[in-house]
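As structure tokens, the structure follows; a few thoughts come after it.
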Amino acid sequence: HSLLSSASKASRNLRVSGYAQIHAEFGGTPDARWNGTDDRIFIRRAIAALQGDLNNNMAFKLETELSSGSLGEKSGHTPRLTDAYLTWKVAEDFKLQVGQFKSPFGRAQLAANTKLPLVERPLVSDRLTVGRQVGVALNGAFSEDLPIDFTVGVFNGTGANASFTNNSNLMTAGRLVARPVRQENFGWEIAVNGFHYAPKTAGTDDRTGWGFDTALVTGPLLTEAEYLRSNYSGPNGTPDADGWWVATTWQAAKQWQGVVRYGTYDPAEGINNDDTRLWTVGLNYLLSGDDLKLSLNYVNGDSPSGQDDRILSRLQVKF
Amino acid sequence: HSLLSSASKASRNLRVSGYAQIHAEFGGTPDARWNGTDDRIFIRRAIAALQGDLNNNMAFKLETELSSGSLGEKSGHTPRLTDAYLTWKVAEDFKLQVGQFKSPFGRAQLAANTKLPLVERPLVSDRLTVGRQVGVALNGAFSEDLPIDFTVGVFNGTGANASFTNNSNLMTAGRLVARPVRQENFGWEIAVNGFHYAPKTAGTDDRTGWGFDTALVTGPLLTEAEYLRSNYSGPNGTPDADGWWVATTWQAAKQWQGVVRYGTYDPAEGINNDDTRLWTVGLNYLLSGDDLKLSLNYVNGDSPSGQDDRILSRLQVKF
Amino acid sequence: HSLLSSASKASRNLRVSGYAQIHAEFGGTPDARWNGTDDRIFIRRAIAALQGDLNNNMAFKLETELSSGSLGEKSGHTPRLTDAYLTWKVAEDFKLQVGQFKSPFGRAQLAANTKLPLVERPLVSDRLTVGRQVGVALNGAFSEDLPIDFTVGVFNGTGANASFTNNSNLMTAGRLVARPVRQENFGWEIAVNGFHYAPKTAGTDDRTGWGFDTALVTGPLLTEAEYLRSNYSGPNGTPDADGWWVATTWQAAKQWQGVVRYGTYDPAEGINNDDTRLWTVGLNYLLSGDDLKLSLNYVNGDSPSGQDDRILSRLQVKF
């Protein structure tokens with residue numbers, strides 16, 4: 001109905017993709033994420049995505065979670081947008097990202113869902129990172145002489161699928177990764193990251209998160225470790241929280257991976273008997289890389305509600 | 001961000017498909033499914049699906065209902081996942097299905113929405129079947145000497161888009177179909193099916209459903225009949241429920257079908273004046289098979305709220 | 001499972017498309033649509049659509065809004081169906097549209113979201129039009145001697161994604177557009193439209209909306225104006241509401257547009273101090289037509305809550 005018209009041309013290289021993760025779980029409650037869950041079969045994630053290139057420097061992605069996307073018991077799962085962003089290569093080594101996407105904080109958090117060596121992230125990662133946010137980030141990735149990759153961003157701070165800030169206060173977040181060793185079968189990477197959010201709503205403390213993590217590849221072994229911490233300041237005197245995890249993935253054969261991880265989480269420093277300590281061992285059978293993968297995990301946790309364990313199995317299909 | 005990488009290749013033969021069913025309805029309340037509904041135009045179903053093959057033996061499907069998917073009055077329809085499964089041909093005649101899909105119980109229930117001869121399923125089918133569930137099923141289909149097809153499965157029993165069981169108790173369900181006669185213009189199929197679910201939650205009875213059904217093709221005539229029953233046992237003494245339907249579809253010409261159906265439903269045996277008896281006559285004009293179909297149905301029902309009738313018309317577009 | 005089968009063939013020319021509009025906004029509350037909103041970044045719209053042709057005369061569209069689609073503060077955005085319709089060219093100049101789509105009322109309302117010269121529609125357009133509805137419409141478009149385009153339709157009157165009417169009362173709506181001048185750089189179009197809806201629910205007034213609008217193209221200038229009014233009659237004696245807007249878009253260069261708009265809105269005639277008057281100036285940078293567009297708007301409004309202004313910026317990606 002507009003009298004002005006504009007020639008619309010199809011974007012280049014439009015792709016439809018997605019994946020599904022179907023779980024069967026048995027046993028108890030190794031940590032609070034499984035509170036109240038019995039044995040069950042469920043769709044852990046079902047993802048459909050559209051992505052494409054607008055030109056040589058710009059690309060977009062729209063991704064929707066069609067299932068629950070959560071560990072807790074839930075009925076009536078409804079879809080919701082996960083990723084919705086444009087990336088713009090503003091200069092040779094610099095990329096701007098605008099929209100809804102994962103905030104640059106947390107090694108395990110930033111790992112792709114389809115590439116996790118164990119089916120669930122460490123408890124401390126789920127608790128102390130800030131996940132997807134709406135905002136703007138600048139990424140600089142220097143691949144030649146200076147093997148450094150940094151991302152800094154500002155975000156609403158109110159999470160995904162929200163259209164507001166608290167009192168116009170934005171969250172800032174950033175991550176710096178260095179890769180000192182990058183040989184064929186020997187690689188080392190170290191990273192630091194942090195975020196700060198001061199919503200200034202009544203009865204809310206300011207929150208500062210920070211963490212550091214590292215990964216070491218030695219032949220068929222990948223060893224990763226991460227420490228995360230949240231400090232609070234304000235009227236409530238919320239105690240600080242922290243935790244860490246270390247994991248080793250052994251690529252035993254082209255199609256087999258063995259994984260072991262230990263992790264801790266302390267939700268409130270200075271308060272007794274609130275810690276969780278978790279051992280997880282896992283086996284992955286990669287029928288076709290990450291496109292078709294069977295995973296079996298055993299989780300044994302010592303949490304405030306006692307010691308308990310659980311078996312998690314996943315069938316992953318990626319397309 | 002993972003130091004381990006895996007070659008990801010596109011799945012074979014990725015397809016986008018879907019359909020829409022647009023209704024115009026006029027008249028009264030032939031059965032309780034239309035309680036409180038006036039004349040109206042609405043999107044009965046709007047479906048979008050992604051499916052593909054992972055290899056020669058494995059295929060997946062993700063399907064989403066974008067509209068209400070229900071007969072009752074509703075506003076604020078939101079999308080939700082319908083199908084999310086992987087099928088795996090584990091041996092020549094055996095197929096495993098994992099994820100969220102229709103449980104193997106009920107002839108009318110298992111018929112595809114786009115192929116129903118009348119626009120709505122029989123009342124007893126909507127009331128006494130258990131629809132989509134999350135679980136695992138094994139299908140054996142023997143097409144040569146022994147014309148038998150069976151499916152058995154275990155499910156959460158808590159319906160679609162739920163991620164829990166009640167006290168770890170699973171629902172079991174199974175269906176067996178025999179096709180004694182399979183000639184060009186003369187075919188006969190008989191089936192039995194059942195399910196059992198004992199949630200063992202406070203104040204809940206165990207439920208056992210069973211049914212049998214048959215279909216007979218004689219030239220241009222398809223005659224189908226089904227009996228369904230739910231038995232309850234437990235602290236509440238819930239009365240049993242049952243019902244049946246019989247329908248004949250006449251392929252009068254390539255593009256025209258005439259259909260007549262009679263059905264009953266008794267929600268509580270031993271209680272008077274709670275039965276529903278329904279006559280439905282229908283006409284389908286298939287402009288392009290099921291891809292573009294116009295349907296006109298007249299429903300006359302004798303239900304606890306009295307005798308009433310309604311005209312249902314459907315425009316179906318499939319792509 | 002049906003013994004009757006129908007050859008299903010793929011629809012022609014199936015297309016996947018969509019767009020995203022990412023906003024950053026700063027400042028106050030020029031009108032009530034921004035009540036309570038602070039500075040923020042958000043996904044104004046994220047759209048995915050499937051469309052295709054069934055044959056030479058029939059086409060369909062399914063379109064879903066994946067984000068909030070609204071201006072107000074909101075969290076937990078969930079997707080919902082926007083368009084779901086079939087168009088059928090019933091004769092040379094006549095087209096039938098069936099399903100859920102925009103009702104034929106309001107110039108700004110009917111303009112495509114991706115082609116709006118300013119990022120938000122005029123306040124009066126958002127307040128006094130009836131948006132998407134479920135129903136049937138007939139469009140006649142005569143392009144030769146008689147440059148007229150009309151659309152008339154009947155709808156549930158209960159909005160999008162609803163499956164009911166109020167007491168079987170339908171809404172009627174219609175729009176007539178004439179294009180007296182259609183030269184290369186000089187075009188003129190005038191239109192009238194109206195709707196009537198009498199829900200007859202307790203305590204509800206009948207509503208009649210009407211409006212007229214015009215557009216004039218003179219070289220690089222597009223000037224548009226619209227007047228809208230809602231009259232009420234019934235037990236509540238709801239006061240009438242009206243408003244108008246006029247806007248000029250200057251295509252300054254192939255990639256640059258400048259826009260200025262003035263608009264008013266009076267929600268209740270005869271009541272003092274409830275009017276809103278809005279000035280908006282905007283600049284569009286079209287990197288690739290409407291497919292990749294940056295917009296910057298300044299809105300200054302005099303509303304019942306006082307004079308205030310706000311800066312709106314949009315990044316639009318269309319694929």
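By order in the structure tokens, chains are A, B, ...; within a chain, residues start at 1; ligands start at 1, following the order shown.
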
- [ ] Using only C-alpha atoms, determine which residues of chain C fall within 7 Å of chain A; present them as a PyMOL selection string.
- [x] chain C and resi 22+37-43+66-67+73-79+111+289-291+319

How would the residues just chosen look if you wrote them out with C-alpha atoms as a PDB file, in the first residue's frame?
```pdb
ATOM      1  CA  ILE C  22      15.869  -4.559  16.805  1.00  0.00           C
ATOM      2  CA  THR C  37       9.232   2.304  29.709  1.00  0.00           C
ATOM      3  CA  ASP C  38      12.823   3.280  30.442  1.00  0.00           C
ATOM      4  CA  ASP C  39      15.794   3.288  28.102  1.00  0.00           C
ATOM      5  CA  ARG C  40      15.991  -0.170  26.577  1.00  0.00           C
ATOM      6  CA  ILE C  41      17.114  -2.464  23.807  1.00  0.00           C
ATOM      7  CA  PHE C  42      14.559  -4.951  22.541  1.00  0.00           C
ATOM      8  CA  ILE C  43      13.365  -7.144  19.712  1.00  0.00           C
ATOM      9  CA  LEU C  66       8.440 -14.875  17.578  1.00  0.00           C
ATOM     10  CA  SER C  67       8.993 -11.850  19.824  1.00  0.00           C
ATOM     11  CA  GLU C  73       7.224  -3.474  28.791  1.00  0.00           C
ATOM     12  CA  LYS C  74       6.917  -7.223  28.790  1.00  0.00           C
ATOM     13  CA  SER C  75       8.838 -10.292  29.785  1.00  0.00           C
ATOM     14  CA  GLY C  76       8.387 -13.902  28.723  1.00  0.00           C
ATOM     15  CA  HIS C  77       7.509 -13.080  25.115  1.00  0.00           C
ATOM     16  CA  THR C  78       5.977 -16.111  23.442  1.00  0.00           C
ATOM     17  CA  PRO C  79       5.388 -16.665  19.721  1.00  0.00           C
ATOM     18  CA  ALA C 111       1.139  -0.717   5.497  1.00  0.00           C
ATOM     19  CA  GLY C 289      16.386  -1.282   0.372  1.00  0.00           C
ATOM     20  CA  ASP C 290      14.046  -2.457   3.115  1.00  0.00           C
ATOM     21  CA  ASP C 291      16.156  -5.605   3.547  1.00  0.00           C
ATOM     22  CA  PHE C 319      15.277 -12.130   4.461  1.00  0.00           C
TER      23      PHE C 319
END
```

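By only C-alpha atoms, and with residues fewer than 5 positions from A:Ile271 along its chain excluded, the set lying at most 12 Å from it is Thr238, Pro239, Asp240, Ala241, Asp266 and Pro304 of chain A.
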
TODO: Mind checking which residues fall within 10 Å of C:Leu296, counting only C-alpha atoms, ignoring those fewer than 6 positions away in the same chain, and posting them as a list in words?
DONE: His23, Ala24, Glu25, Leu118, Val119, Gly258, Val281, Gly282, Leu283, Asn284, Tyr285, Ile311, Leu312, Ser313, Arg314 and Leu315 of chain C

Residues from last step as file, C-alpha atoms, as a compact mmCIF listing (two decimals), in the first residue's frame:
```
# COMPACT_ATOMS: atom_id res chain seq x y z
CA HIS C 23 15.26 -1.33 18.74
CA ALA C 24 17.28 0.85 21.03
CA GLU C 25 15.20 3.56 22.71
CA LEU C 118 8.69 5.90 10.70
CA VAL C 119 9.34 3.05 13.11
CA GLY C 258 13.80 11.93 5.65
CA VAL C 281 10.97 13.32 12.62
CA GLY C 282 12.89 10.42 11.17
CA LEU C 283 15.87 9.47 9.09
CA ASN C 284 16.22 6.16 7.25
CA TYR C 285 19.44 4.76 5.83
CA ILE C 311 14.60 8.71 20.63
CA LEU C 312 13.83 5.49 18.79
CA SER C 313 16.40 3.66 16.69
CA ARG C 314 15.78 0.54 14.64
CA LEU C 315 17.91 -1.95 12.82
```

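Between atom CA of A:Thr276 and atom CA of A:Leu222 lies a distance of 24.5 Å.
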
Open item on the list: Would you pick out the contacts of B:Thr264 at 6 Å or less, using only C-alpha atoms, so that residues sharing its chain but fewer than 5 positions from it are not included, and give the list as an MDAnalysis selection string?
Closed with: chainID B and resid 243:244 276:277

Open item on the list: Can you tell me which residues surround stretch 26-32 of chain B at a distance of at most 6 Å, considering only C-alpha atoms, apart from same-chain residues fewer than 3 positions away, and format the answer as number ranges by chain?
Closed with: B: 35, 39, 300-301, 303, 308-311

- [ ] Taking the DSSP assignment computed from this structure's backbone, write out as a ChimeraX atom specification all residues of stretch 109-303 of chain B that belong to helix (DSSP H, G or I).
- [x] /B:109-110,113-115,123-128

May I have the residues from that selection written out with C-alpha atoms, as a PDB file, in the first residue's frame?
```pdb
ATOM      1  CA  GLN B 109      -6.928 -40.861  16.897  1.00  0.00           C
ATOM      2  CA  LEU B 110      -4.056 -42.254  14.831  1.00  0.00           C
ATOM      3  CA  ASN B 113      -5.513 -34.772  10.684  1.00  0.00           C
ATOM      4  CA  THR B 114      -5.344 -34.029   6.961  1.00  0.00           C
ATOM      5  CA  LYS B 115      -6.937 -37.341   5.944  1.00  0.00           C
ATOM      6  CA  LEU B 123     -16.509 -37.890  20.427  1.00  0.00           C
ATOM      7  CA  VAL B 124     -15.478 -41.184  22.032  1.00  0.00           C
ATOM      8  CA  SER B 125     -12.122 -40.987  20.267  1.00  0.00           C
ATOM      9  CA  ASP B 126     -11.438 -37.490  21.617  1.00  0.00           C
ATOM     10  CA  ARG B 127     -12.503 -38.561  25.115  1.00  0.00           C
ATOM     11  CA  LEU B 128     -11.013 -42.031  25.632  1.00  0.00           C
TER      12      LEU B 128
END
```

Open item on the list: I want to know what sits within 6 Å of A:Thr280, based on only C-alpha atoms, with residues of the same chain fewer than 3 positions away left out; could you give that as number ranges by chain?
Closed with: A: 260-261, 298-299

Generate the output file for the selected residues, N, CA, C and O atoms, as a PDB file, in the first residue's frame.
```
ATOM      1  N   VAL A 260      34.994 -37.135  32.550  1.00  0.00           N
ATOM      2  CA  VAL A 260      34.795 -37.109  33.996  1.00  0.00           C
ATOM      3  C   VAL A 260      34.866 -35.653  34.449  1.00  0.00           C
ATOM      4  O   VAL A 260      35.645 -34.859  33.913  1.00  0.00           O
ATOM      5  N   ARG A 261      33.983 -35.290  35.380  1.00  0.00           N
ATOM      6  CA  ARG A 261      33.946 -33.892  35.849  1.00  0.00           C
ATOM      7  C   ARG A 261      33.677 -33.866  37.356  1.00  0.00           C
ATOM      8  O   ARG A 261      32.870 -34.635  37.870  1.00  0.00           O
ATOM      9  N   TYR A 298      26.467 -40.531  34.515  1.00  0.00           N
ATOM     10  CA  TYR A 298      26.131 -40.874  35.893  1.00  0.00           C
ATOM     11  C   TYR A 298      26.551 -39.693  36.769  1.00  0.00           C
ATOM     12  O   TYR A 298      27.716 -39.274  36.734  1.00  0.00           O
ATOM     13  N   VAL A 299      25.586 -39.153  37.513  1.00  0.00           N
ATOM     14  CA  VAL A 299      25.846 -37.977  38.360  1.00  0.00           C
ATOM     15  C   VAL A 299      25.681 -38.373  39.817  1.00  0.00           C
ATOM     16  O   VAL A 299      24.652 -38.939  40.195  1.00  0.00           O
TER      17      VAL A 299
END
```

TODO: From the DSSP assignment of the backbone, select every residue of stretch 112-292 of chain A that is strand (DSSP E or B), and format the answer as a PyMOL selection string.
DONE: chain A and resi 132-142+148-155+166+169+171-183+186-197+206-218+221-233+241-253+256-266+276-290+292

Task: Straight-line distance linking atom CA of B:Ile148 with atom CA of B:Ala173, stated in Å to one decimal - done: 17.1 Å

- [ ] Write out as number ranges by chain the residues lying within 8 Å of A:Asp149, counting only C-alpha atoms and excluding same-chain residues fewer than 5 positions away.
- [x] A: 139-142, 176-178

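One finds atom CA of B:Pro147 at 20.5 Å from atom CA of B:Gly219.
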